[in-house]
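Worksheet: one structure, shown below.
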Amino acid sequence: MNRLHRFPRLLFLGLTLSLAAAACGGDDGGDGSDGSGAGNTTSYTPTGDPADAQTFDHTLTGLDQISESCINQLKASEFVVHYVHRSHGAQLTAGANSLEASNPLYGFEAEGIGLPSETNVLKMWDGMRTYDDSQEGDGYWATEQGLEGVRAILSANPTIRYSMWAWSYEISAQTEQTVDQYLTAMSMLEDEFPDVTFIYMTGTAEEEYEGVNRAARNEQIRAYAKQYGKILYDFEDLDAHYNGERHTATVDGVEIPMEHPHYVVNDGSTGYEYTHTTQESCENKARAFWVMMASLEGCAGG
């Protein structure tokens, strides 16, 4: 049985969402300054209880925080995570595959544009409906066409219990307004699909160029998640921390978080599995993902 929308489509037409393709760009993100969105411009007031906020960052990367029984529970469950990303976001999936290769207990399958068929694994739908669909913001939250794609996937696949979209380089070029559009789109999808948990994400800490703005936009996402009780996977924070140390740089007189040197690829390559970083960083992001799913499914620590 398909999951039915509890709110009419007109909700999206009557509420504020100037859906410019703010997250569009090249394969690695582009400058995100293009403007070809749906263009609705009325008002939307988000709701949510700050007490419900949960942030998953560098403090929650220990797999020892998850019991073996919890891991087995996650794998035995039918729930699926829907995840849309490009190369930076692939750090999470590459890391999960690497963890599984070193320890089969952490079974994981990310199926491209579909439901995984493997059993006894943590399951992920990787991408949108077809390989031609954009993985950028315009393919998920920044255009009406993207939103229709998300709706179609969620409506037809009731085992999808979570949905998340990852930034790439384009987070550095966003404005306060375009990040508001992302946040509003996610909140409105939550209203339309109350049985799905939408996971908000900050973006990479890799770039110093426009880094002050990047840090501000990531902080904007954190503040929203905290104020309105959202679930946040803090990618920037995970980038910036290694072994308890937070790496920063001073740009234009402002101290900002930066990817920790331990995770920086210096050999001129595109990094582990084309993810712009090291295998260790990918695995760290995957550990945070496992801890997040255990917490959201109610078995972390037990």
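Going through the structure tokens in order, the chains are called A, B, and so on, while each chain numbers its residues from 1 and the ligands are numbered from 1 in the order shown.
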
Write out as a Markdown table the residues of range 119-153 of chain A that have any atom within 9 Å of an atom of range 189-194 of chain A, one row each with the nearest atom pair and its distance in Å to one decimal, counting only C-alpha atoms, sorted by chain and then rising number.
```
| residue | atom | partner | partner_atom | distance |
| --- | --- | --- | --- | --- |
| A:Leu147 | CA | A:Leu189 | CA | 8.4 |
| A:Val150 | CA | A:Leu189 | CA | 8.8 |
| A:Arg151 | CA | A:Leu189 | CA | 8.2 |
```

Pull the closest atom pair for each residue of range 88-190 of chain A that gets at most 12 Å from range 78-83 of chain A, along with the distance in Å to one decimal, counting only C-alpha atoms, ordering rows by chain and then ascending residue number, as CSV.
```
residue,atom,partner,partner_atom,distance
A:Gly89,CA,A:Tyr83,CA,8.9
A:Ala90,CA,A:Tyr83,CA,9.8
A:Leu92,CA,A:Tyr83,CA,10.0
A:Thr93,CA,A:Tyr83,CA,9.5
A:Phe108,CA,A:Val80,CA,11.0
A:Glu109,CA,A:Val80,CA,10.0
A:Ala110,CA,A:Tyr83,CA,9.0
A:Glu111,CA,A:His82,CA,9.8
A:Gly112,CA,A:Tyr83,CA,9.9
A:Ile113,CA,A:His82,CA,9.3
A:Gly114,CA,A:His82,CA,9.2
A:Leu115,CA,A:Val80,CA,7.6
A:Pro116,CA,A:Val80,CA,8.2
A:Ser117,CA,A:Glu78,CA,10.6
A:Glu118,CA,A:Glu78,CA,10.7
A:Thr119,CA,A:Glu78,CA,8.7
A:Asn120,CA,A:Glu78,CA,9.1
A:Val121,CA,A:Glu78,CA,9.4
A:Leu122,CA,A:Val80,CA,7.6
A:Lys123,CA,A:Val80,CA,5.0
A:Met124,CA,A:Val81,CA,4.6
A:Trp125,CA,A:His82,CA,4.7
A:Asp126,CA,A:Tyr83,CA,5.2
A:Gly127,CA,A:Tyr83,CA,6.0
A:Met128,CA,A:Tyr83,CA,8.3
A:Arg129,CA,A:His82,CA,11.0
A:Gln135,CA,A:Tyr83,CA,9.7
A:Glu136,CA,A:Tyr83,CA,11.8
A:Tyr140,CA,A:Tyr83,CA,10.2
A:Val150,CA,A:His82,CA,9.4
A:Arg151,CA,A:His82,CA,11.8
A:Ile153,CA,A:His82,CA,8.9
A:Leu154,CA,A:His82,CA,8.7
A:Asn157,CA,A:Val80,CA,9.1
A:Pro158,CA,A:Phe79,CA,8.6
A:Thr159,CA,A:Phe79,CA,5.0
A:Ile160,CA,A:Val80,CA,4.5
A:Arg161,CA,A:Phe79,CA,5.8
A:Tyr162,CA,A:Val81,CA,4.8
A:Ser163,CA,A:His82,CA,4.5
A:Met164,CA,A:Tyr83,CA,5.0
A:Trp165,CA,A:Tyr83,CA,5.8
A:Ala166,CA,A:Tyr83,CA,7.9
A:Trp167,CA,A:Tyr83,CA,11.5
```

Proximity check range 73-132 of chain A to range 266-282 of chain A, 7 Å, nearest pairs one decimal Å, only C-alpha atoms, as JSON lines:
```
{"residue": "A:Ser87", "atom": "CA", "partner": "A:Thr275", "partner_atom": "CA", "distance": 5.1}
{"residue": "A:His88", "atom": "CA", "partner": "A:Thr275", "partner_atom": "CA", "distance": 5.3}
{"residue": "A:Ala90", "atom": "CA", "partner": "A:Thr275", "partner_atom": "CA", "distance": 6.1}
{"residue": "A:Gln91", "atom": "CA", "partner": "A:Cys282", "partner_atom": "CA", "distance": 4.6}
{"residue": "A:Leu92", "atom": "CA", "partner": "A:Cys282", "partner_atom": "CA", "distance": 5.7}
{"residue": "A:Ala94", "atom": "CA", "partner": "A:Cys282", "partner_atom": "CA", "distance": 6.3}
{"residue": "A:Gly95", "atom": "CA", "partner": "A:Cys282", "partner_atom": "CA", "distance": 4.2}
```

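Taking range 53-185 of chain A and asking which residues DSSP calls strand (DSSP E) on the backbone, you get Gln54, Thr55, Phe56, Val80, Val81, His82, Tyr83, Val84, Phe108, Glu109, Ala110, Glu111, Gly112, Leu122, Lys123, Met124, Trp125, Asp126, Ile160, Arg161, Tyr162, Ser163, Met164 and Trp165 of chain A.
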
Per-residue DSSP, range 96-293 of chain A, filtered to alpha helix (DSSP H), as a ChimeraX atom specification: /A:96-102,144-156,176-192,211-227,235-240,279-293

Interatomic distance (Å, one decimal) between CA of Gln145 in chain A and CA of Asp133 in chain A: 10.0 Å

Just how far from CA of Asn103 in chain A is CA of Thr55 in chain A, in Å to one decimal? 26.2 Å

What's around Ser168 in chain A at 8 Å? Count only C-alpha atoms, leave out sequence neighbours fewer than 3 positions away in its own chain, and write the answer as a list in words. Asp28, Gly29, His85, Arg86, Ser87, His88, Gly89, Ile171, Gly203 and Thr204 of chain A

Next, the residues of the selection above should be written as an mmCIF file, in the first residue's frame with C-alpha atoms.
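Output file selection_31.cif is given in full below:
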```
data_model
loop_
_atom_site.group_PDB
_atom_site.id
_atom_site.type_symbol
_atom_site.label_atom_id
_atom_site.label_comp_id
_atom_site.auth_asym_id
_atom_site.auth_seq_id
_atom_site.Cartn_x
_atom_site.Cartn_y
_atom_site.Cartn_z
ATOM 1 C CA ASP A 28 30.981 18.949 -7.787
ATOM 2 C CA GLY A 29 28.578 21.728 -7.001
ATOM 3 C CA HIS A 85 24.194 13.176 -3.083
ATOM 4 C CA ARG A 86 27.166 13.757 -5.351
ATOM 5 C CA SER A 87 30.856 13.110 -4.772
ATOM 6 C CA HIS A 88 31.195 14.756 -1.355
ATOM 7 C CA GLY A 89 28.071 13.037 -0.103
ATOM 8 C CA ILE A 171 27.246 25.414 0.102
ATOM 9 C CA GLY A 203 28.019 20.998 3.921
ATOM 10 C CA THR A 204 31.700 20.253 3.534
#
```

So how many Å separate CA of Gln227 in chain A and CA of Pro50 in chain A, to one decimal? 5.1 Å

May I have a table of the residues of range 255-294 of chain A lying at most 9 Å from range 62-66 of chain A, giving each one's closest pair of atoms and their distance in Å to one decimal, counting only C-alpha atoms, ordered by chain and ascending residue number, as a tab-separated table?
```
residue	atom	partner	partner_atom	distance
A:Asn284	CA	A:Gly62	CA	8.7
A:Arg287	CA	A:Leu63	CA	6.2
A:Ala288	CA	A:Gly62	CA	7.5
A:Trp290	CA	A:Leu63	CA	7.5
A:Val291	CA	A:Ile66	CA	6.7
A:Ala294	CA	A:Ile66	CA	6.9
```

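Counting only C-alpha atoms and comparing A:Arg246, A:Gly298, A:Ala51, A:Glu283, the residue that lies closest to Ala101 in chain A is A:Glu283.
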